[in-house]
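One file, upload.cif, is given below (mmCIF, C-alpha atoms and all ligand atoms).
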```cif
data_upload
#
loop_
_atom_site.label_atom_id
_atom_site.label_comp_id
_atom_site.auth_asym_id
_atom_site.auth_seq_id
_atom_site.Cartn_x
_atom_site.Cartn_y
_atom_site.Cartn_z
CA MET A 260 57.33 13.40 70.24
CA ASN A 261 53.82 13.89 71.57
CA PRO A 262 51.63 13.41 68.47
CA LEU A 263 49.31 16.13 69.74
CA VAL A 264 52.03 18.70 69.14
CA SER A 265 51.39 18.21 65.46
CA ILE A 266 47.80 19.48 65.67
CA ASP A 267 48.84 23.05 64.97
CA ARG A 268 51.01 21.96 62.04
CA LYS A 269 48.32 19.87 60.43
CA ARG A 270 46.31 22.70 58.90
CA ASP A 271 45.50 21.49 55.45
CA PHE A 272 42.73 23.80 54.37
CA TYR A 273 41.01 23.36 51.05
CA ALA A 274 37.64 25.00 51.59
CA GLY A 275 35.11 25.76 54.30
CA HIS A 276 36.43 23.35 56.94
CA VAL A 277 36.15 20.39 54.57
CA TYR A 278 39.29 18.65 53.46
CA ASN A 279 40.27 15.59 51.57
CA ALA A 280 43.24 14.56 53.67
CA GLY A 281 42.04 15.65 57.08
CA MET A 282 40.80 18.54 59.13
CA ASP A 283 41.12 20.34 62.44
CA ALA A 284 37.93 20.53 64.47
CA LYS A 285 36.78 22.04 67.73
CA ALA A 286 34.59 20.14 70.14
CA TYR A 287 32.64 22.74 72.12
CA ALA A 288 31.47 22.20 75.68
CA LYS A 289 27.94 22.98 76.87
CA ILE A 290 26.27 24.29 79.96
CA ASN A 291 22.71 23.64 81.11
CA LEU A 292 21.01 26.96 81.88
CA THR A 293 18.09 24.90 83.20
CA LEU A 294 17.73 21.17 83.81
CA ASP A 295 14.36 19.73 84.83
CA VAL A 296 13.86 16.03 85.51
CA LEU A 297 10.42 14.85 84.44
CA GLY A 298 10.64 11.22 85.58
CA LYS A 299 12.27 7.85 85.07
CA THR A 300 11.69 6.01 81.81
CA ALA A 301 11.23 2.24 81.35
CA ASP A 302 14.86 1.83 80.24
CA GLY A 303 16.10 3.26 83.56
CA TYR A 304 17.08 6.65 82.13
CA HIS A 305 15.51 9.93 83.20
CA SER A 306 13.56 12.11 80.84
CA LEU A 307 14.74 15.70 80.97
CA ARG A 308 13.92 19.20 79.80
CA SER A 309 16.89 21.48 79.58
CA VAL A 310 18.03 24.71 77.97
CA MET A 311 21.56 24.09 76.76
CA LEU A 312 24.15 26.54 75.47
CA ALA A 313 27.36 25.63 73.62
CA ILE A 314 30.31 27.60 75.02
CA ASP A 315 33.72 28.66 73.74
CA LEU A 316 35.59 26.09 75.80
CA ALA A 317 36.66 23.35 73.40
CA ASP A 318 38.71 20.23 72.92
CA GLU A 319 40.90 20.43 69.80
CA LEU A 320 40.87 17.60 67.29
CA ALA A 321 43.15 16.79 64.38
CA LEU A 322 41.42 14.28 62.13
CA THR A 323 42.74 12.19 59.26
CA PHE A 324 40.21 10.38 57.10
CA ASP A 325 40.60 7.03 55.39
CA ALA A 326 43.18 5.89 57.92
CA PRO A 327 43.56 2.12 58.33
CA GLY A 328 41.11 1.41 61.17
CA ILE A 329 40.06 3.73 63.98
CA LYS A 330 42.80 5.28 66.07
CA ILE A 331 41.95 7.76 68.81
CA GLU A 332 44.70 9.30 70.90
CA ALA A 333 43.84 11.85 73.53
CA ASP A 334 45.77 13.93 76.01
CA PRO A 335 44.79 13.31 78.79
CA PRO A 336 43.83 9.79 77.61
CA LEU A 337 40.23 8.67 77.10
CA PRO A 338 38.89 5.24 78.09
CA GLU A 339 39.24 2.58 75.36
CA MET A 340 35.52 2.54 74.53
CA SER A 341 35.01 6.33 74.52
CA ALA A 342 32.01 8.14 73.05
CA ALA A 343 34.42 9.42 70.38
CA ARG A 344 35.26 5.85 69.34
CA ARG A 345 31.63 4.73 69.40
CA ALA A 346 30.73 7.72 67.21
CA ALA A 347 33.46 6.89 64.69
CA GLU A 348 32.56 3.19 64.63
CA GLY A 349 28.85 3.93 64.26
CA TYR A 350 29.33 6.36 61.39
CA LEU A 351 31.98 4.41 59.49
CA ALA A 352 29.87 1.25 59.67
CA ARG A 353 27.12 3.18 57.88
CA CYS A 354 29.21 4.84 55.19
CA GLY A 355 31.71 2.13 54.34
CA GLY A 356 34.59 4.48 55.21
CA LYS A 357 37.88 2.80 55.99
CA GLY A 358 38.92 4.45 59.18
CA LEU A 359 39.67 7.60 61.12
CA CYS A 360 42.65 8.87 63.07
CA ALA A 361 41.76 11.43 65.76
CA LEU A 362 44.26 13.26 67.95
CA ILE A 363 42.40 15.04 70.73
CA ARG A 364 43.78 17.73 73.02
CA ARG A 365 41.31 17.69 75.89
CA ASN A 366 40.73 21.14 77.36
CA ILE A 367 37.25 20.44 78.75
CA PRO A 368 37.53 19.11 82.30
CA PRO A 369 35.98 15.63 82.79
CA GLU A 370 33.26 14.77 85.35
CA ALA A 371 32.20 18.40 85.19
CA GLY A 372 28.78 18.33 83.48
CA LEU A 373 30.30 20.25 80.55
CA GLY A 374 29.72 17.44 78.04
CA GLY A 375 33.40 16.90 77.21
CA SER A 376 33.26 13.32 75.94
CA SER A 377 29.99 14.01 74.12
CA ALA A 378 31.57 17.07 72.51
CA ASP A 379 34.40 14.97 71.06
CA ALA A 380 31.86 12.47 69.71
CA ALA A 381 29.75 15.27 68.17
CA ALA A 382 32.80 16.85 66.52
CA ILE A 383 33.76 13.48 65.02
CA LEU A 384 30.23 12.90 63.69
CA ARG A 385 30.18 16.43 62.23
CA ALA A 386 33.52 15.88 60.53
CA LEU A 387 32.57 12.46 59.13
CA GLN A 388 29.28 13.85 57.86
CA ASN A 389 31.14 16.73 56.17
CA ARG A 390 33.46 14.22 54.57
CA TYR A 391 31.05 11.47 53.48
CA ARG A 392 27.50 12.97 53.59
CA ALA A 393 26.30 9.38 54.13
CA LEU A 394 23.45 9.97 56.58
CA ALA A 395 20.19 11.91 56.39
CA GLN A 396 19.80 14.44 59.20
CA ASP A 397 17.41 12.22 61.19
CA GLU A 398 19.79 9.25 60.86
CA LEU A 399 22.67 11.41 62.11
CA VAL A 400 20.64 12.58 65.13
CA SER A 401 19.57 9.00 65.86
CA LEU A 402 23.18 7.79 65.79
CA ALA A 403 24.21 10.78 67.94
CA SER A 404 21.62 9.95 70.60
CA ARG A 405 22.76 6.33 70.73
CA VAL A 406 26.31 7.55 71.36
CA GLY A 407 25.31 9.84 74.27
CA SER A 408 22.51 12.01 75.60
CA ASP A 409 24.18 15.37 74.89
CA VAL A 410 25.56 14.47 71.47
CA PRO A 411 22.47 15.49 69.39
CA PHE A 412 22.60 19.01 70.87
CA LEU A 413 26.36 19.30 70.47
CA LEU A 414 26.13 18.44 66.75
CA ASN A 415 24.85 21.98 66.12
CA GLY A 416 25.48 23.82 69.40
CA GLY A 417 24.01 27.28 69.87
CA LEU A 418 21.17 27.70 72.34
CA ALA A 419 18.39 25.10 72.37
CA LEU A 420 15.64 23.40 74.31
CA CYS A 421 16.58 19.72 74.69
CA GLU A 422 13.99 17.13 75.65
CA GLY A 423 13.63 13.38 76.11
CA ARG A 424 17.06 12.00 76.86
CA GLY A 425 18.43 14.92 74.84
CA GLU A 426 17.50 13.72 71.36
CA ILE A 427 14.69 16.24 70.79
CA VAL A 428 16.45 19.52 70.08
CA THR A 429 14.55 22.76 69.39
CA PRO A 430 16.79 25.72 68.56
CA LEU A 431 16.23 28.98 70.47
CA PRO A 432 17.20 32.48 69.33
CA PRO A 433 20.71 33.54 70.38
CA MET A 434 21.17 35.50 73.58
CA GLU A 435 24.51 37.00 74.53
CA LEU A 436 25.55 35.74 77.97
CA HIS A 437 28.75 36.52 79.86
CA LEU A 438 29.66 33.49 81.89
CA LEU A 439 32.22 32.29 84.35
CA VAL A 440 32.63 28.50 84.56
CA VAL A 441 34.48 26.97 87.53
CA LYS A 442 35.15 23.41 88.62
CA PRO A 443 36.39 22.05 91.95
CA ALA A 444 39.06 19.33 92.01
CA ARG A 445 36.45 16.69 92.76
CA GLY A 446 34.31 15.54 89.85
CA ALA A 447 30.84 13.97 89.80
CA SER A 448 29.99 10.81 87.84
CA THR A 449 26.78 11.23 85.84
CA LYS A 450 25.72 7.67 86.61
CA GLU A 451 26.25 8.18 90.36
CA VAL A 452 24.38 11.49 90.42
CA PHE A 453 21.33 10.02 88.66
CA ALA A 454 21.48 7.00 91.00
CA ARG A 455 21.20 9.35 93.99
CA LEU A 456 18.31 11.34 92.55
CA ARG A 457 15.01 10.84 94.38
CA PRO A 458 11.55 12.21 93.55
CA PRO A 459 9.89 14.60 93.96
CA TYR A 460 12.14 16.47 91.54
CA ALA A 461 12.61 20.25 91.81
CA ALA A 462 9.89 22.24 90.04
CA GLY A 463 10.47 22.93 86.36
CA ALA A 464 12.00 26.19 85.22
CA THR A 465 12.64 25.39 81.59
CA ASP A 466 9.39 26.79 80.16
CA GLY A 467 9.95 30.17 81.84
CA ALA A 468 13.53 30.25 80.58
CA CYS A 469 12.46 29.46 77.00
CA ALA A 470 9.78 32.17 77.10
CA ALA A 471 12.30 34.75 78.34
CA ILE A 472 14.89 33.75 75.72
CA ARG A 473 12.29 33.95 72.93
CA LYS A 474 11.46 37.50 74.08
CA GLY A 475 15.16 38.42 74.34
CA ASP A 476 14.50 39.17 78.03
CA PHE A 477 17.83 38.76 79.86
CA ALA A 478 16.47 39.81 83.28
CA GLY A 479 13.47 37.52 82.77
CA LEU A 480 15.76 34.52 82.15
CA LEU A 481 17.75 34.87 85.38
CA PRO A 482 15.17 33.60 87.95
CA HIS A 483 14.67 30.42 85.89
CA VAL A 484 18.34 29.39 85.82
CA GLY A 485 18.68 26.22 87.92
CA ASN A 486 19.31 22.49 87.95
CA ALA A 487 17.24 19.67 89.49
CA LEU A 488 20.35 17.47 89.86
CA THR A 489 22.08 19.89 92.25
CA ASP A 490 21.12 18.25 95.55
CA ALA A 491 22.04 14.78 94.29
CA ALA A 492 25.41 16.05 92.99
CA ARG A 493 26.11 17.84 96.28
CA THR A 494 26.03 14.52 98.09
CA LEU A 495 29.04 13.53 95.94
CA ALA A 496 30.78 16.91 95.72
CA PRO A 497 29.77 19.06 98.70
CA GLU A 498 31.97 21.93 97.37
CA ILE A 499 29.24 22.75 94.84
CA ALA A 500 27.11 24.60 97.42
CA GLY A 501 30.00 26.84 98.44
CA LEU A 502 30.88 27.60 94.82
CA LEU A 503 27.31 28.68 94.03
CA TRP A 504 27.39 30.98 97.04
CA ARG A 505 30.78 32.45 96.11
CA MET A 506 29.67 32.96 92.51
CA ARG A 507 26.73 35.11 93.67
CA ARG A 508 28.95 37.02 96.10
CA CYS A 509 31.28 37.80 93.18
CA GLY A 510 28.44 39.54 91.37
CA ALA A 511 26.81 36.77 89.32
CA ARG A 512 23.21 37.71 88.45
CA ALA A 513 22.44 33.97 88.49
CA ALA A 514 24.50 30.88 89.33
CA SER A 515 23.86 27.19 88.80
CA MET A 516 25.48 23.79 88.40
CA THR A 517 25.82 22.48 84.84
CA GLY A 518 24.69 18.97 83.87
CA SER A 519 25.38 16.47 86.63
CA GLY A 520 28.21 18.66 88.00
CA SER A 521 30.58 19.27 89.51
CA ALA A 522 31.21 22.45 87.46
CA VAL A 523 29.25 25.58 88.33
CA PHE A 524 28.64 28.69 86.23
CA GLY A 525 27.65 32.27 86.87
CA ILE A 526 25.95 34.70 84.51
CA PHE A 527 27.36 38.22 84.71
CA GLU A 528 26.28 41.65 83.57
CA ASP A 529 29.16 41.96 81.10
CA ALA A 530 32.47 40.38 80.10
CA ALA A 531 34.51 42.61 82.43
CA ALA A 532 32.46 41.48 85.45
CA ALA A 533 32.96 37.80 84.51
CA ARG A 534 36.72 38.37 84.12
CA ARG A 535 36.95 40.17 87.47
CA ALA A 536 35.08 37.37 89.21
CA ALA A 537 37.43 34.75 87.69
CA GLY A 538 40.23 36.29 89.79
CA ALA A 539 38.39 35.24 92.96
CA PHE A 540 38.52 31.54 92.02
CA GLY A 541 42.31 31.19 91.76
CA ASP A 542 42.19 28.37 94.34
CA LEU A 543 40.35 26.09 91.88
CA PRO A 544 41.90 23.90 89.16
CA PHE A 545 39.54 25.41 86.59
CA ALA A 546 38.02 28.90 86.32
CA ARG A 547 37.30 30.44 82.91
CA PRO A 548 35.18 33.27 81.53
CA CYS A 549 33.13 31.90 78.61
CA ARG A 550 30.57 32.95 76.01
CA GLY A 551 28.03 31.15 73.90
CA VAL A 552 29.04 29.69 70.53
CA TYR A 553 26.58 29.99 67.68
CA ASP A 554 28.74 29.13 64.68
CA VAL A 555 29.60 25.48 65.31
CA VAL A 556 30.84 24.00 62.01
O1 LIG B 1 24.43 9.71 79.09
P1 LIG B 1 25.45 8.94 79.85
O2 LIG B 1 25.74 7.59 79.26
O3 LIG B 1 26.67 9.71 80.21
O4 LIG B 1 24.77 8.63 81.26
C1 LIG B 1 25.39 7.84 82.27
C2 LIG B 1 24.33 7.25 83.18
O5 LIG B 1 23.54 8.29 83.79
C3 LIG B 1 23.32 6.38 82.46
O6 LIG B 1 23.78 5.06 82.37
C4 LIG B 1 22.10 6.49 83.37
O7 LIG B 1 22.23 5.63 84.47
C5 LIG B 1 22.18 7.91 83.89
N1 LIG B 1 21.33 8.84 83.10
C6 LIG B 1 19.97 8.88 83.35
N2 LIG B 1 19.17 9.73 82.61
C7 LIG B 1 19.71 10.52 81.66
C8 LIG B 1 21.09 10.49 81.40
C9 LIG B 1 21.88 9.64 82.15
O8 LIG B 1 19.47 8.17 84.22
N3 LIG B 1 18.91 11.34 80.95
#
```

Structure translated into structure tokens:
Amino acid sequence: MNPLVSIDRKRDFYAGHVYNAGMDAKAYAKINLTLDVLGKTADGYHSLRSVMLAIDLADELALTFDAPGIKIEADPPLPEMSAARRAAEGYLARCGGKGLCALIRRNIPPEAGLGGSSADAAAILRALQNRYRALAQDELVSLASRVGSDVPFLLNGGLALCEGRGEIVTPLPPMELHLLVVKPARGASTKEVFARLRPPYAAGATDGACAAIRKGDFAGLLPHVGNALTDAARTLAPEIAGLLWRMRRCGARAASMTGSGSAVFGIFEDAAAARRAAGAFGDLPFARPCRGVYDVV
């Protein structure tokens, strides 16, 4: 029997999402409402400024603590040295925990810019921290950023300004956004997209977006929504341009690529408009109305 079938039967609640034997966890995806590239750093990475939002698209995890060793099974499978495994290894090495068994039902499409593998890693770190409380907050964030650029943000989710390689996270006040997220069949590798990126980088929009969000100004946010990686990603997945165009034609008040692509999102006036627009993307393998998530636990 597929072990993932047992996720729904594994509910073993004691209190407030913290269990002795194990727990179920959700690993929420993210979108980048803005993504500015500031430049290349000495270690070959790019320093970024981005407004990120956790969304209600999630992988589902069933976790068992104190297992013998680390066992991670995912459907569809993850590579052997996944971010999830590196997160578990990194945390357990610090807390002296024996092991962790994680069954992961992957609902977040890969190579989409939705942070799927980082989300799994963040959910595992959150769960291990709930269980062992072995790391101070700054140690947890430091481990998270070594595991992956988006992991520090995904530890807490919500809406935030993320800077550096993603390790400097400044929470922003919540703003209700009605989204439609779509992804073409072709994905985009983050490494490849950054390798194709050439200066000068598109002008920054993140400051304007943060100012609008802090004022609760929905209309003021819309012109700042954008992504400096779009042109580089389009050289790998040319469909992105057409999807942005279709999204606007379907009534999106703003549309942009998320992360390094190839997924694209639209921001709609209300939930009904996002749902209606989803009907126009039936030709794609993935099209889903989404909302922000502010209660990541
Ligand atoms: O963060 P992640 O390991 O998924 O990134 C994959 C690759 O993308 C990195 O090895 C690096 O080449 C590039 N990258 C970058 N700047 C970032 C994030 C990723 O150049 N901020």

Taking all atoms listed in the file into account, which residues are within 8 Å of ligand LIG 1 (chain B), as a list in words?
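Answer in the requested format: Lys299, Gly303, Tyr304, His305, Ser306, Leu307, Val406, Gly407, Ser408, Asp409, Gly423, Arg424, Gly425, Ser448, Thr449, Lys450, Glu451, Val452, Phe453 and Ala454 of chain A.
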
Measuring atom to atom with all atoms listed in the file, identify which of A:Arg457, A:Leu439, A:Thr489, A:Cys354 is nearest to Ile526 in chain A.
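Among the listed residues, A:Leu439 lies closest to Ile526 in chain A.
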
My list of candidates is A:Val441, A:Asp476, A:Thr300, A:Pro548. Which is closest to Ile499 in chain A when distances are computed with all atoms listed in the file?
A:Val441

From the options A:Met311, A:Ala514, A:Ala381, A:Met506, which residue's atoms come nearest to Gly538 in chain A, counting all atoms listed in the file?
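Smallest distance to Gly538 in chain A is found for A:Met506.
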
Padding 8 Å on every side, please: axis-aligned box over the listed atoms of range 320-332 of chain A, centre and edge lengths to one decimal in Å, as JSON.
```
{"center_x": 42.4, "center_y": 9.5, "center_z": 63.1, "size_x": 20.6, "size_y": 32.2, "size_z": 31.5}
```

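Among A:Ala444, A:Leu292, A:Leu394, A:Met282, the residue with the shortest atom-to-atom distance to Leu362 in chain A, counting all atoms listed in the file, is A:Met282.
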